[in-house]
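Notes for the one structure printed next.
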Amino acid sequence: SLIVYQFAKNLVNKGAKVIFAYYPDLVRELQNSFGTVKLEKLIIKLKTVDILILDDIAREANTAYIRDQILGPILQYRCDNNLPMFVTSNRNFDLLEKHLSETNNLIDTVKGKALIARFKYLMKEYELKDRDFRSEKF
């Protein structure tokens, strides 16, 4: 997260419009905006911003509505318009696909695979291995 955050700051300093969102907080904000004009405005911003960075995806409780009506259309728009996107997660693409397939008691692997295909179109997977600096005492 820290590396991607510093990357985002550098992009902003070069004039790019960037949204850096902690994904569980973003999901909560989207859910709290259901039924308001704020929801559609936020979705449009997420679709059209120069660079979208979603931090810590797969920490949220996945819902069919967020997956199918929010995340899916955002990813599709960004694919169609070749807009860059970055995602951080503690899960690789295979585990992320499993997470995105599962909502409540339902499993829809087709939808999980479709979202991962868009992720793979928009970004490459890199694994960073290091110690957890948050657990160290200063």
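As shown in the structure tokens, the chain order sets the letters A, B, ...; within each chain, residues go from 1, and ligands are also counted from 1 in the order they appear.
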If we count only C-alpha atoms, what is near stretch 91-100 of chain A at a cut-off of 10 Å, once residues fewer than 6 positions away on the same chain are taken out, given as JSON, numbers by chain? {"A": [56, 57, 58, 59, 60, 61, 62, 63, 64, 67, 68, 107, 108, 109, 110, 111, 112, 113, 114, 115, 116, 117, 119, 120, 124, 125, 126, 127]}
Would you kindly return, as a ChimeraX atom specification, each protein, DNA or RNA residue with an atom no farther than 8 Å from any atom of A:Leu122, considering only C-alpha atoms and excluding same-chain residues fewer than 2 positions away? /A:78-79,82-86,118-120,124
Would you mind exporting C-alpha atoms of the selected residues as a PDB file, in the first residue's frame?
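Result saved to out.pdb:
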ATOM      1  CA  ARG A  78     -11.830   1.471 -17.940  1.00  0.00           C
ATOM      2  CA  CYS A  79     -11.061  -1.441 -20.322  1.00  0.00           C
ATOM      3  CA  ASN A  82      -7.808   2.109 -21.895  1.00  0.00           C
ATOM      4  CA  LEU A  83      -7.718   3.931 -18.566  1.00  0.00           C
ATOM      5  CA  PRO A  84      -5.025   2.727 -16.165  1.00  0.00           C
ATOM      6  CA  MET A  85      -5.921   1.073 -12.920  1.00  0.00           C
ATOM      7  CA  PHE A  86      -3.955  -0.400 -10.049  1.00  0.00           C
ATOM      8  CA  ARG A 118     -10.786  -7.351 -16.984  1.00  0.00           C
ATOM      9  CA  PHE A 119      -8.268  -7.039 -14.142  1.00  0.00           C
ATOM     10  CA  LYS A 120      -5.711  -8.901 -16.266  1.00  0.00           C
ATOM     11  CA  LYS A 124      -0.149  -7.128 -14.454  1.00  0.00           C
TER      12      LYS A 124
END
Which of chain A end up as strand (DSSP E) when DSSP is run on this backbone - answer as a PyMOL selection string? chain A and resi 18-22+51-55+85-87+102-103+106-107
Serialized selection, N, CA, C and O atoms, as an mmCIF file, in the first residue's frame:
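Wrote result.cif, looks like this:
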data_model
loop_
_atom_site.group_PDB
_atom_site.id
_atom_site.type_symbol
_atom_site.label_atom_id
_atom_site.label_comp_id
_atom_site.auth_asym_id
_atom_site.auth_seq_id
_atom_site.Cartn_x
_atom_site.Cartn_y
_atom_site.Cartn_z
ATOM 1 N N VAL A 18 -5.929 11.416 -9.853
ATOM 2 C CA VAL A 18 -5.848 10.071 -9.301
ATOM 3 C C VAL A 18 -6.868 9.915 -8.176
ATOM 4 O O VAL A 18 -7.017 10.802 -7.342
ATOM 5 N N ILE A 19 -7.551 8.788 -8.180
ATOM 6 C CA ILE A 19 -8.345 8.396 -7.021
ATOM 7 C C ILE A 19 -7.630 7.211 -6.401
ATOM 8 O O ILE A 19 -7.407 6.188 -7.062
ATOM 9 N N PHE A 20 -7.257 7.375 -5.146
ATOM 10 C CA PHE A 20 -6.653 6.301 -4.351
ATOM 11 C C PHE A 20 -7.659 5.988 -3.255
ATOM 12 O O PHE A 20 -7.907 6.817 -2.388
ATOM 13 N N ALA A 21 -8.261 4.813 -3.326
ATOM 14 C CA ALA A 21 -9.334 4.479 -2.388
ATOM 15 C C ALA A 21 -9.043 3.172 -1.673
ATOM 16 O O ALA A 21 -8.731 2.164 -2.318
ATOM 17 N N TYR A 22 -9.142 3.202 -0.352
ATOM 18 C CA TYR A 22 -9.112 1.970 0.438
ATOM 19 C C TYR A 22 -10.432 1.267 0.141
ATOM 20 O O TYR A 22 -11.514 1.764 0.473
ATOM 21 N N ILE A 51 -6.392 7.946 -13.353
ATOM 22 C CA ILE A 51 -5.814 6.732 -12.783
ATOM 23 C C ILE A 51 -6.601 6.354 -11.534
ATOM 24 O O ILE A 51 -6.789 7.170 -10.640
ATOM 25 N N LEU A 52 -7.054 5.114 -11.485
ATOM 26 C CA LEU A 52 -7.807 4.607 -10.349
ATOM 27 C C LEU A 52 -6.952 3.576 -9.618
ATOM 28 O O LEU A 52 -6.411 2.654 -10.234
ATOM 29 N N ILE A 53 -6.833 3.762 -8.311
ATOM 30 C CA ILE A 53 -6.092 2.823 -7.475
ATOM 31 C C ILE A 53 -7.026 2.340 -6.368
ATOM 32 O O ILE A 53 -7.522 3.148 -5.583
ATOM 33 N N LEU A 54 -7.269 1.038 -6.344
ATOM 34 C CA LEU A 54 -8.094 0.428 -5.298
ATOM 35 C C LEU A 54 -7.168 -0.346 -4.378
ATOM 36 O O LEU A 54 -6.524 -1.316 -4.802
ATOM 37 N N ASP A 55 -7.098 0.082 -3.146
ATOM 38 C CA ASP A 55 -6.193 -0.501 -2.172
ATOM 39 C C ASP A 55 -6.907 -1.544 -1.315
ATOM 40 O O ASP A 55 -7.985 -1.290 -0.793
ATOM 41 N N MET A 85 -5.367 1.417 -14.225
ATOM 42 C CA MET A 85 -5.921 1.073 -12.920
ATOM 43 C C MET A 85 -4.910 0.202 -12.193
ATOM 44 O O MET A 85 -4.208 -0.593 -12.817
ATOM 45 N N PHE A 86 -4.838 0.390 -10.895
ATOM 46 C CA PHE A 86 -3.955 -0.400 -10.049
ATOM 47 C C PHE A 86 -4.773 -0.918 -8.880
ATOM 48 O O PHE A 86 -5.666 -0.240 -8.392
ATOM 49 N N VAL A 87 -4.442 -2.128 -8.434
ATOM 50 C CA VAL A 87 -5.133 -2.741 -7.313
ATOM 51 C C VAL A 87 -4.090 -3.364 -6.401
ATOM 52 O O VAL A 87 -3.135 -3.973 -6.876
ATOM 53 N N GLU A 102 -17.761 -15.355 -4.971
ATOM 54 C CA GLU A 102 -18.588 -15.696 -3.815
ATOM 55 C C GLU A 102 -19.277 -14.461 -3.234
ATOM 56 O O GLU A 102 -18.640 -13.466 -2.938
ATOM 57 N N THR A 103 -20.592 -14.553 -3.100
ATOM 58 C CA THR A 103 -21.373 -13.515 -2.433
ATOM 59 C C THR A 103 -22.393 -14.205 -1.549
ATOM 60 O O THR A 103 -23.113 -15.089 -2.011
ATOM 61 N N LEU A 106 -23.933 -17.635 -2.272
ATOM 62 C CA LEU A 106 -23.958 -17.958 -3.701
ATOM 63 C C LEU A 106 -22.543 -17.932 -4.284
ATOM 64 O O LEU A 106 -21.711 -17.120 -3.891
ATOM 65 N N ILE A 107 -22.311 -18.809 -5.247
ATOM 66 C CA ILE A 107 -21.035 -18.826 -5.959
ATOM 67 C C ILE A 107 -21.345 -18.723 -7.444
ATOM 68 O O ILE A 107 -22.107 -19.519 -7.986
#
From the set A:Leu75, A:Leu11, A:Leu128, A:Ile66, which residue has the shortest atom-to-atom contact distance to A:Glu29, counting only C-alpha atoms?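 Under the stated criterion, the closest residue is A:Ile66.
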Measure the distance from atom CA of A:Gly15 to atom CA of A:Tyr77 in Å and round it to one decimal.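 Interatomic distance, atom CA of A:Gly15 to atom CA of A:Tyr77: 22.1 Å.
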For atom CA of A:Asn104 and atom CA of A:Gly35, quote the distance in Å rounded to one decimal.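 Result for atom CA of A:Asn104 versus atom CA of A:Gly35: 21.8 Å, one decimal.
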Test item, helix (DSSP H, G or I) assignment across stretch 24-103 of chain A, answer as a PyMOL selection string: chain A and resi 24-32+37-48+64-80+93-101
Between A:Asn32, A:Tyr65, A:Leu71, A:Asp50, which has the minimum distance to A:Ala8 (counting only C-alpha atoms)? A:Asp50
